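A.B. asks: Please find input37.csv (CSV, C-alpha atoms) on the next line:
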```csv
chain,number,residue,atom,x,y,z
A,29,GLY,CA,-1.7,-9.0,-14.2
A,30,ALA,CA,-1.1,-10.3,-10.7
A,31,VAL,CA,-4.3,-10.6,-8.7
A,32,VAL,CA,-4.6,-10.8,-5.0
A,33,SER,CA,-7.9,-11.8,-3.5
A,34,GLN,CA,-8.7,-10.9,0.1
A,35,HIS,CA,-11.7,-12.2,2.0
A,36,PRO,CA,-13.9,-11.2,3.6
A,37,SER,CA,-14.3,-7.6,2.5
A,38,ARG,CA,-16.2,-6.6,5.6
A,39,VAL,CA,-16.7,-8.1,9.1
A,40,ILE,CA,-18.9,-6.8,11.9
A,41,CYS,CA,-18.7,-8.8,15.1
A,42,LYS,CA,-18.9,-8.6,18.8
A,43,SER,CA,-16.0,-7.9,21.1
A,44,GLY,CA,-14.1,-11.0,22.1
A,45,THR,CA,-14.6,-12.7,18.8
A,46,SER,CA,-11.7,-14.0,16.8
A,47,VAL,CA,-11.7,-13.0,13.1
A,48,LYS,CA,-9.8,-14.7,10.3
A,49,ILE,CA,-8.9,-12.8,7.1
A,50,GLU,CA,-7.6,-14.7,4.1
A,51,CYS,CA,-5.3,-13.4,1.4
A,52,ARG,CA,-4.7,-15.4,-1.8
A,53,SER,CA,-2.5,-14.8,-4.8
A,54,LEU,CA,-4.6,-16.1,-7.7
A,55,ASP,CA,-2.2,-16.2,-10.6
A,56,PHE,CA,1.2,-16.2,-9.1
A,57,GLN,CA,3.2,-17.7,-6.3
A,58,ALA,CA,3.8,-15.3,-3.5
A,59,THR,CA,6.8,-16.2,-1.5
A,60,THR,CA,6.3,-13.1,0.6
A,61,MET,CA,3.0,-11.6,1.7
A,62,PHE,CA,2.5,-8.5,3.8
A,63,TRP,CA,-0.2,-7.3,6.1
A,64,TYR,CA,-1.1,-3.7,6.5
A,65,ARG,CA,-3.4,-1.7,8.7
A,66,GLN,CA,-4.8,1.7,7.7
A,67,PHE,CA,-6.5,4.1,10.0
A,68,PRO,CA,-8.7,6.8,8.6
A,69,LYS,CA,-6.8,9.5,6.7
A,70,GLN,CA,-3.5,7.8,7.5
A,71,SER,CA,-1.0,5.9,5.4
A,72,LEU,CA,-0.8,2.1,5.3
A,73,MET,CA,1.2,0.8,8.2
A,74,LEU,CA,3.0,-2.5,7.8
A,75,MET,CA,2.1,-4.9,10.5
A,76,ALA,CA,4.0,-8.0,9.5
A,77,THR,CA,5.8,-9.8,6.7
A,78,SER,CA,5.1,-13.4,6.2
A,79,ASN,CA,7.2,-15.8,4.2
A,80,GLU,CA,5.9,-19.2,3.1
A,81,GLY,CA,6.7,-21.9,5.5
A,82,SER,CA,8.3,-19.7,8.2
A,83,LYS,CA,7.2,-17.5,11.0
A,84,ALA,CA,6.0,-14.0,10.3
A,85,THR,CA,8.2,-11.0,11.1
A,86,TYR,CA,6.2,-8.5,13.0
A,87,GLU,CA,6.9,-4.7,13.0
A,88,GLN,CA,7.6,-3.0,16.3
A,89,GLY,CA,4.5,-2.4,18.4
A,90,VAL,CA,2.4,-5.1,16.7
A,91,GLU,CA,1.3,-7.8,19.1
A,92,LYS,CA,2.1,-11.2,17.5
A,93,ASP,CA,-0.2,-13.0,19.9
A,94,LYS,CA,-3.0,-10.7,19.0
A,95,PHE,CA,-2.5,-10.8,15.2
A,96,LEU,CA,-1.7,-14.4,14.2
A,97,ILE,CA,-0.3,-14.8,10.8
A,98,ASN,CA,0.0,-18.1,8.9
A,99,HIS,CA,1.5,-18.5,5.5
A,100,ALA,CA,0.9,-22.1,4.8
A,101,SER,CA,1.3,-22.2,1.1
A,102,LEU,CA,2.7,-20.0,-1.7
A,103,THR,CA,-0.7,-18.7,-2.5
A,104,LEU,CA,-2.4,-18.2,0.9
A,105,SER,CA,-1.7,-16.2,4.0
A,106,THR,CA,-4.2,-15.6,6.8
A,107,LEU,CA,-4.4,-13.0,9.5
A,108,THR,CA,-6.4,-13.9,12.6
A,109,VAL,CA,-7.3,-11.1,15.0
A,110,THR,CA,-7.7,-12.9,18.3
A,111,SER,CA,-10.2,-11.8,20.9
A,112,ALA,CA,-10.9,-8.6,18.9
A,113,HIS,CA,-11.9,-5.4,20.7
A,114,PRO,CA,-13.3,-2.1,19.4
A,115,GLU,CA,-9.8,-0.6,19.2
A,116,ASP,CA,-8.9,-3.3,16.6
A,117,SER,CA,-11.5,-1.9,14.3
A,118,SER,CA,-9.7,-0.8,11.2
A,119,PHE,CA,-9.0,-1.5,7.5
A,120,TYR,CA,-6.7,-4.4,7.1
A,121,ILE,CA,-5.1,-5.0,3.7
A,122,CYS,CA,-2.7,-7.7,2.4
A,123,SER,CA,-0.3,-7.6,-0.4
A,124,ALA,CA,1.9,-10.1,-2.1
A,125,ARG,CA,5.0,-10.0,-4.1
A,126,ASP,CA,6.0,-12.5,-6.8
A,127,GLY,CA,9.6,-11.7,-7.0
A,128,THR,CA,12.5,-9.9,-5.3
A,129,ALA,CA,12.4,-6.9,-3.1
A,130,ASP,CA,12.6,-4.5,-6.1
A,131,GLN,CA,9.3,-5.7,-7.5
A,132,PRO,CA,6.0,-3.9,-6.6
A,133,GLN,CA,3.6,-5.5,-4.2
A,134,HIS,CA,0.1,-6.3,-5.4
A,135,PHE,CA,-2.7,-5.6,-3.0
A,136,GLY,CA,-5.9,-7.2,-2.1
A,137,ASP,CA,-9.1,-5.1,-1.7
A,138,GLY,CA,-8.8,-5.0,2.0
A,139,THR,CA,-11.1,-6.0,4.9
A,140,ARG,CA,-13.1,-3.5,6.9
A,141,LEU,CA,-13.2,-4.9,10.4
A,142,SER,CA,-15.7,-3.4,12.9
A,143,ILE,CA,-15.8,-4.6,16.4
A,144,LEU,CA,-18.9,-3.7,18.4
B,25,ASP,CA,7.8,9.6,12.2
B,26,GLN,CA,6.4,10.0,8.7
B,27,GLN,CA,9.3,9.3,6.3
B,28,VAL,CA,7.2,9.7,3.2
B,29,LYS,CA,4.9,12.7,3.0
B,30,GLN,CA,2.1,13.8,0.7
B,31,ASN,CA,1.3,17.3,1.9
B,32,SER,CA,-1.7,17.8,-0.3
B,33,PRO,CA,-4.6,15.7,0.9
B,34,SER,CA,-6.7,16.6,-2.1
B,35,LEU,CA,-6.5,18.0,-5.6
B,36,SER,CA,-9.1,18.9,-8.2
B,37,VAL,CA,-8.2,19.2,-11.9
B,38,GLN,CA,-10.3,19.8,-15.0
B,39,GLU,CA,-10.6,17.0,-17.5
B,40,GLY,CA,-7.9,17.2,-20.2
B,41,ARG,CA,-5.5,19.2,-18.0
B,42,ILE,CA,-2.4,18.0,-16.2
B,43,SER,CA,-2.6,16.5,-12.7
B,44,ILE,CA,0.6,16.8,-10.6
B,45,LEU,CA,0.8,14.9,-7.4
B,46,ASN,CA,3.7,15.5,-5.1
B,47,CYS,CA,5.6,13.4,-2.6
B,48,ASP,CA,8.5,14.2,-0.3
B,49,TYR,CA,10.7,11.8,1.6
B,50,THR,CA,13.2,12.3,4.4
B,51,ASN,CA,15.6,9.4,4.1
B,52,SER,CA,18.2,9.8,1.3
B,53,MET,CA,18.8,6.0,1.4
B,54,PHE,CA,15.5,5.3,-0.3
B,55,ASP,CA,16.2,4.0,-3.7
B,56,TYR,CA,12.9,2.7,-5.1
B,57,PHE,CA,9.7,4.6,-5.4
B,58,LEU,CA,6.2,3.6,-6.4
B,59,TRP,CA,2.9,5.2,-7.0
B,60,TYR,CA,-0.3,3.4,-6.2
B,61,LYS,CA,-3.9,4.3,-7.1
B,62,LYS,CA,-6.8,3.4,-4.9
B,63,TYR,CA,-10.5,3.5,-5.5
B,64,PRO,CA,-12.9,3.3,-2.5
B,65,ALA,CA,-13.4,-0.1,-1.1
B,66,GLU,CA,-10.6,-1.5,-3.2
B,67,GLY,CA,-7.0,-2.2,-2.6
B,68,PRO,CA,-4.2,0.0,-4.0
B,69,THR,CA,-3.2,-0.8,-7.6
B,70,PHE,CA,0.3,-0.4,-8.7
B,71,LEU,CA,0.7,2.4,-11.2
B,72,ILE,CA,4.3,3.2,-11.9
B,73,SER,CA,7.7,3.0,-10.3
B,74,ILE,CA,11.1,4.6,-10.5
B,75,SER,CA,14.5,3.6,-9.1
B,76,SER,CA,17.0,6.1,-7.9
B,77,ILE,CA,19.3,5.6,-10.9
B,78,LYS,CA,16.7,7.4,-13.0
B,79,ASP,CA,15.1,10.8,-12.8
B,80,LYS,CA,12.1,10.1,-15.0
B,81,ASN,CA,9.9,7.1,-15.9
B,82,GLU,CA,7.0,7.3,-18.3
B,83,ASP,CA,4.2,4.9,-19.0
B,84,GLY,CA,1.5,6.2,-21.2
B,85,ARG,CA,-0.3,9.2,-19.6
B,86,PHE,CA,1.7,8.7,-16.4
B,87,THR,CA,5.1,10.1,-15.8
B,88,VAL,CA,7.0,10.0,-12.5
B,89,PHE,CA,9.8,12.4,-11.9
B,90,LEU,CA,12.5,12.0,-9.2
B,91,ASN,CA,14.6,14.8,-7.8
B,92,LYS,CA,17.0,13.1,-5.4
B,93,SER,CA,18.7,16.2,-4.2
B,94,ALA,CA,15.3,17.6,-3.2
B,95,LYS,CA,14.1,14.2,-1.9
B,96,HIS,CA,11.0,14.8,-4.0
B,97,LEU,CA,9.0,12.9,-6.5
B,98,SER,CA,6.0,13.7,-8.5
B,99,LEU,CA,3.4,12.0,-10.6
B,100,HIS,CA,2.2,13.7,-13.7
B,101,ILE,CA,-1.0,12.6,-15.4
B,102,VAL,CA,-1.7,14.1,-18.7
B,103,PRO,CA,-4.3,14.4,-20.0
B,104,SER,CA,-6.4,13.8,-16.9
B,105,GLN,CA,-9.5,11.8,-17.2
B,106,PRO,CA,-12.5,11.4,-14.9
B,107,GLY,CA,-11.6,7.8,-14.4
B,108,ASP,CA,-8.4,9.0,-12.8
B,109,SER,CA,-10.3,10.2,-9.8
B,110,ALA,CA,-8.9,8.2,-6.9
B,111,VAL,CA,-6.5,8.4,-4.0
B,112,TYR,CA,-2.9,8.2,-5.0
B,113,PHE,CA,-0.2,6.9,-2.6
B,114,CYS,CA,3.5,7.2,-3.1
B,115,ALA,CA,5.7,4.6,-1.4
B,116,ALA,CA,9.4,4.3,-0.9
B,117,SER,CA,11.8,1.5,0.0
B,118,GLY,CA,15.6,1.1,0.3
B,119,PRO,CA,18.2,-1.5,1.1
B,120,PHE,CA,17.8,-0.6,4.8
B,121,THR,CA,14.0,-1.2,4.8
B,122,GLY,CA,14.0,-4.9,4.1
B,123,ASN,CA,10.6,-5.8,2.8
B,124,GLN,CA,9.0,-2.7,4.0
B,125,PHE,CA,7.5,0.1,1.9
B,126,TYR,CA,6.9,3.4,3.5
B,127,PHE,CA,3.7,4.9,2.3
B,128,GLY,CA,2.5,8.5,2.2
B,129,THR,CA,-0.9,9.5,3.5
B,130,GLY,CA,-2.3,9.8,0.0
B,131,THR,CA,-3.7,12.5,-2.2
B,132,SER,CA,-7.3,12.4,-3.3
B,133,LEU,CA,-7.5,13.4,-7.0
B,134,THR,CA,-10.8,14.6,-8.5
B,135,VAL,CA,-10.9,15.1,-12.2
B,136,ILE,CA,-13.8,17.3,-13.1
B,137,PRO,CA,-15.5,16.5,-16.4
```
Please render this file's structure as structure tokens.

C.D. replies:
Amino acid sequence: GAVVSQHPSRVICKSGTSVKIECRSLDFQATTMFWYRQFPKQSLMLMATSNEGSKATYEQGVEKDKFLINHASLTLSTLTVTSAHPEDSSFYICSARDGTADQPQHFGDGTRLSIL
Amino acid sequence: DQQVKQNSPSLSVQEGRISILNCDYTNSMFDYFLWYKKYPAEGPTFLISISSIKDKNEDGRFTVFLNKSAKHLSLHIVPSQPGDSAVYFCAASGPFTGNQFYFGTGTSLTVIP
């Protein structure tokens, strides 16, 4: 089956640090990758959609200068949380799709980000 | 505004019995629905899907039912096994949502041996 690898699984860092999270599709080419954020006991909220070779599309309310997304290849997308603050602490999860919009997304295992 | 709702945050079922997880949605334009299963510290895993042209889809022990008039879908697991204990999310999309799936808040299923 389609495997999506997300790294790191957990990050603890000081306020003001920038943190990069990687999302890789291991056995398929992902033309589209998605970045979600999940708060405790809430549903997954889509932050942005990234297409290989083009700029990411951010959902309303998501600061694109704060959450930098790069999708440099068909198997790799990165999310960089710039100058992270405690309110950015959350569970971030990526997903990838290997086909058209009617295909399911395959998720990574998520990254627990804790900003002190 | 939560367009996909899972009103039961948790459910406990005896092993061997049927588990029924429910999901309601508000937008009648949704035409594709999925169920994901999530273990702690792991990402959601795709379980089963259904498009709006169907009212039932079955895959082994898992069956999803769609009632479009009621804007309701349910996931049936029978027989339930302890390994099914996880959080289950339903998600919906439609031609108006672009790439976005709208997720419910999840239902934590515990199957008691």

A.B. asks: Could you give me, as JSON lines, a per-residue list for range 62-90 of chain B showing, wherever an atom lies at most 10 Å from an atom of range 131-137 of chain A, the closest pair of atoms and their distance in Å to one decimal, using all atoms listed in the file and sorting by chain then residue number from low to high?

C.D. replies:
```
{"residue": "B:Lys62", "atom": "CA", "partner": "A:Asp137", "partner_atom": "CA", "distance": 9.4}
{"residue": "B:Tyr63", "atom": "CA", "partner": "A:Asp137", "partner_atom": "CA", "distance": 9.5}
{"residue": "B:Pro64", "atom": "CA", "partner": "A:Asp137", "partner_atom": "CA", "distance": 9.3}
{"residue": "B:Ala65", "atom": "CA", "partner": "A:Asp137", "partner_atom": "CA", "distance": 6.6}
{"residue": "B:Glu66", "atom": "CA", "partner": "A:Asp137", "partner_atom": "CA", "distance": 4.2}
{"residue": "B:Gly67", "atom": "CA", "partner": "A:Asp137", "partner_atom": "CA", "distance": 3.7}
{"residue": "B:Pro68", "atom": "CA", "partner": "A:Phe135", "partner_atom": "CA", "distance": 5.9}
{"residue": "B:Thr69", "atom": "CA", "partner": "A:Phe135", "partner_atom": "CA", "distance": 6.7}
{"residue": "B:Phe70", "atom": "CA", "partner": "A:His134", "partner_atom": "CA", "distance": 6.8}
{"residue": "B:Leu71", "atom": "CA", "partner": "A:Pro132", "partner_atom": "CA", "distance": 9.4}
{"residue": "B:Ile72", "atom": "CA", "partner": "A:Pro132", "partner_atom": "CA", "distance": 9.0}
{"residue": "B:Ser73", "atom": "CA", "partner": "A:Pro132", "partner_atom": "CA", "distance": 8.0}
```

A.B. asks: Using all atoms listed in the file and a distance of at most 10 Å, pull out the residues of chain B that contact chain A, as JSON, numbers by chain.

C.D. replies: {"B": [26, 28, 29, 30, 33, 55, 56, 57, 58, 59, 60, 62, 63, 64, 65, 66, 67, 68, 69, 70, 71, 72, 73, 75, 113, 114, 115, 117, 118, 119, 121, 122, 123, 124, 125, 126, 127, 128, 129, 130, 131]}

A.B. asks: Would you work out the distance separating CA of Asp79 in chain B from CA of Leu99 in chain B, expressed in Å to one decimal?

C.D. replies: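 If I compute the distance from CA of Asp79 in chain B to CA of Leu99 in chain B, I get 12.0 Å.
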
A.B. asks: Excluding Gln105 in chain B and any residue of its chain fewer than 6 positions from it, enumerate the residues within 12 Å of it, using only C-alpha atoms, and give them as a list in words.

C.D. replies: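 The filter keeps Ser36, Val37, Gln38, Glu39, Gly40, Arg41, Ile42, Ser43, Arg85, Phe86, Leu133, Thr134, Val135, Ile136 and Pro137 of chain B.
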
A.B. asks: Can you write out the residues you just picked, keeping C-alpha atoms, as a short mmCIF file (atom, residue, chain, number, x, y, z; two decimals), in the frame of the given file?

C.D. replies:
```
data_model
loop_
_atom_site.label_atom_id
_atom_site.label_comp_id
_atom_site.auth_asym_id
_atom_site.auth_seq_id
_atom_site.Cartn_x
_atom_site.Cartn_y
_atom_site.Cartn_z
CA SER B 36 -9.10 18.90 -8.20
CA VAL B 37 -8.20 19.20 -11.90
CA GLN B 38 -10.30 19.80 -15.00
CA GLU B 39 -10.60 17.00 -17.50
CA GLY B 40 -7.90 17.20 -20.20
CA ARG B 41 -5.50 19.20 -18.00
CA ILE B 42 -2.40 18.00 -16.20
CA SER B 43 -2.60 16.50 -12.70
CA ARG B 85 -0.30 9.20 -19.60
CA PHE B 86 1.70 8.70 -16.40
CA LEU B 133 -7.50 13.40 -7.00
CA THR B 134 -10.80 14.60 -8.50
CA VAL B 135 -10.90 15.10 -12.20
CA ILE B 136 -13.80 17.30 -13.10
CA PRO B 137 -15.50 16.50 -16.40
#
```

A.B. asks: In Å to one decimal, how far is CA of Pro36 in chain A from CA of Gln57 in chain A?

C.D. replies: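 Separation between CA of Gln57 in chain A and CA of Pro36 in chain A: 20.8 Å.
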
A.B. asks: Given all atoms listed in the file as the basis, pick out the residue of A:Glu50, A:Glu80, A:Asp55, A:Asp126 nearest to Val109 in chain A.

C.D. replies: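 Using all atoms listed in the file, the shortest distance to Val109 in chain A belongs to A:Glu50.
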
A.B. asks: Pick from A:Leu54, A:Val90, A:Ile49, A:Ala84: nearest to Thr106 in chain A, with only C-alpha atoms counted?

C.D. replies: A:Ile49

A.B. asks: When distances are computed from all atoms listed in the file, which of A:His35, A:Lys94, A:Arg52, A:Arg65 shows the smallest separation from Ala112 in chain A?

C.D. replies: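 Once distances to Ala112 in chain A are computed over all atoms listed in the file, the minimum belongs to A:Lys94.
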
A.B. asks: Env of range 41-48 of chain A: 6 Å cut, atoms = all atoms listed in the file, seq-sep filter 2 positions within chain, self excluded. Answer as a PDB file with C-alpha atoms, in the coordinates of the input.

C.D. replies:
```pdb
ATOM      1  CA  LEU A 107      -4.400 -13.000   9.500  1.00  0.00           C
ATOM      2  CA  THR A 108      -6.400 -13.900  12.600  1.00  0.00           C
ATOM      3  CA  VAL A 109      -7.300 -11.100  15.000  1.00  0.00           C
ATOM      4  CA  THR A 110      -7.700 -12.900  18.300  1.00  0.00           C
ATOM      5  CA  SER A 111     -10.200 -11.800  20.900  1.00  0.00           C
ATOM      6  CA  ALA A 112     -10.900  -8.600  18.900  1.00  0.00           C
ATOM      7  CA  HIS A 113     -11.900  -5.400  20.700  1.00  0.00           C
ATOM      8  CA  ILE A 143     -15.800  -4.600  16.400  1.00  0.00           C
ATOM      9  CA  LEU A 144     -18.900  -3.700  18.400  1.00  0.00           C
TER      10      LEU A 144
END
```

A.B. asks: Just the number, please: distance in Å from CA of Val111 in chain B to CA of Ser34 in chain B, one decimal.

C.D. replies: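 So the two atoms, CA of Val111 in chain B and CA of Ser34 in chain B, lie 8.4 Å apart.
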
A.B. asks: Do you know which residues lie at most 9 Å from (1.1, -23.4, -0.9), with coordinates as in the file and only C-alpha atoms counted, and could you write them as a list in words?

C.D. replies: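 The residues that fall inside the cut-off are Gln57, Ala58, Glu80, Gly81, His99, Ala100, Ser101, Leu102, Thr103 and Leu104 of chain A.
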
A.B. asks: Just checking: using all atoms listed in the file, which residue out of A:Ala30, A:Cys51, A:Leu141, A:Ile97 ends up closest to Glu115 in chain A?

C.D. replies: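 Counting all atoms listed in the file, the residue closest to Glu115 in chain A is A:Leu141.
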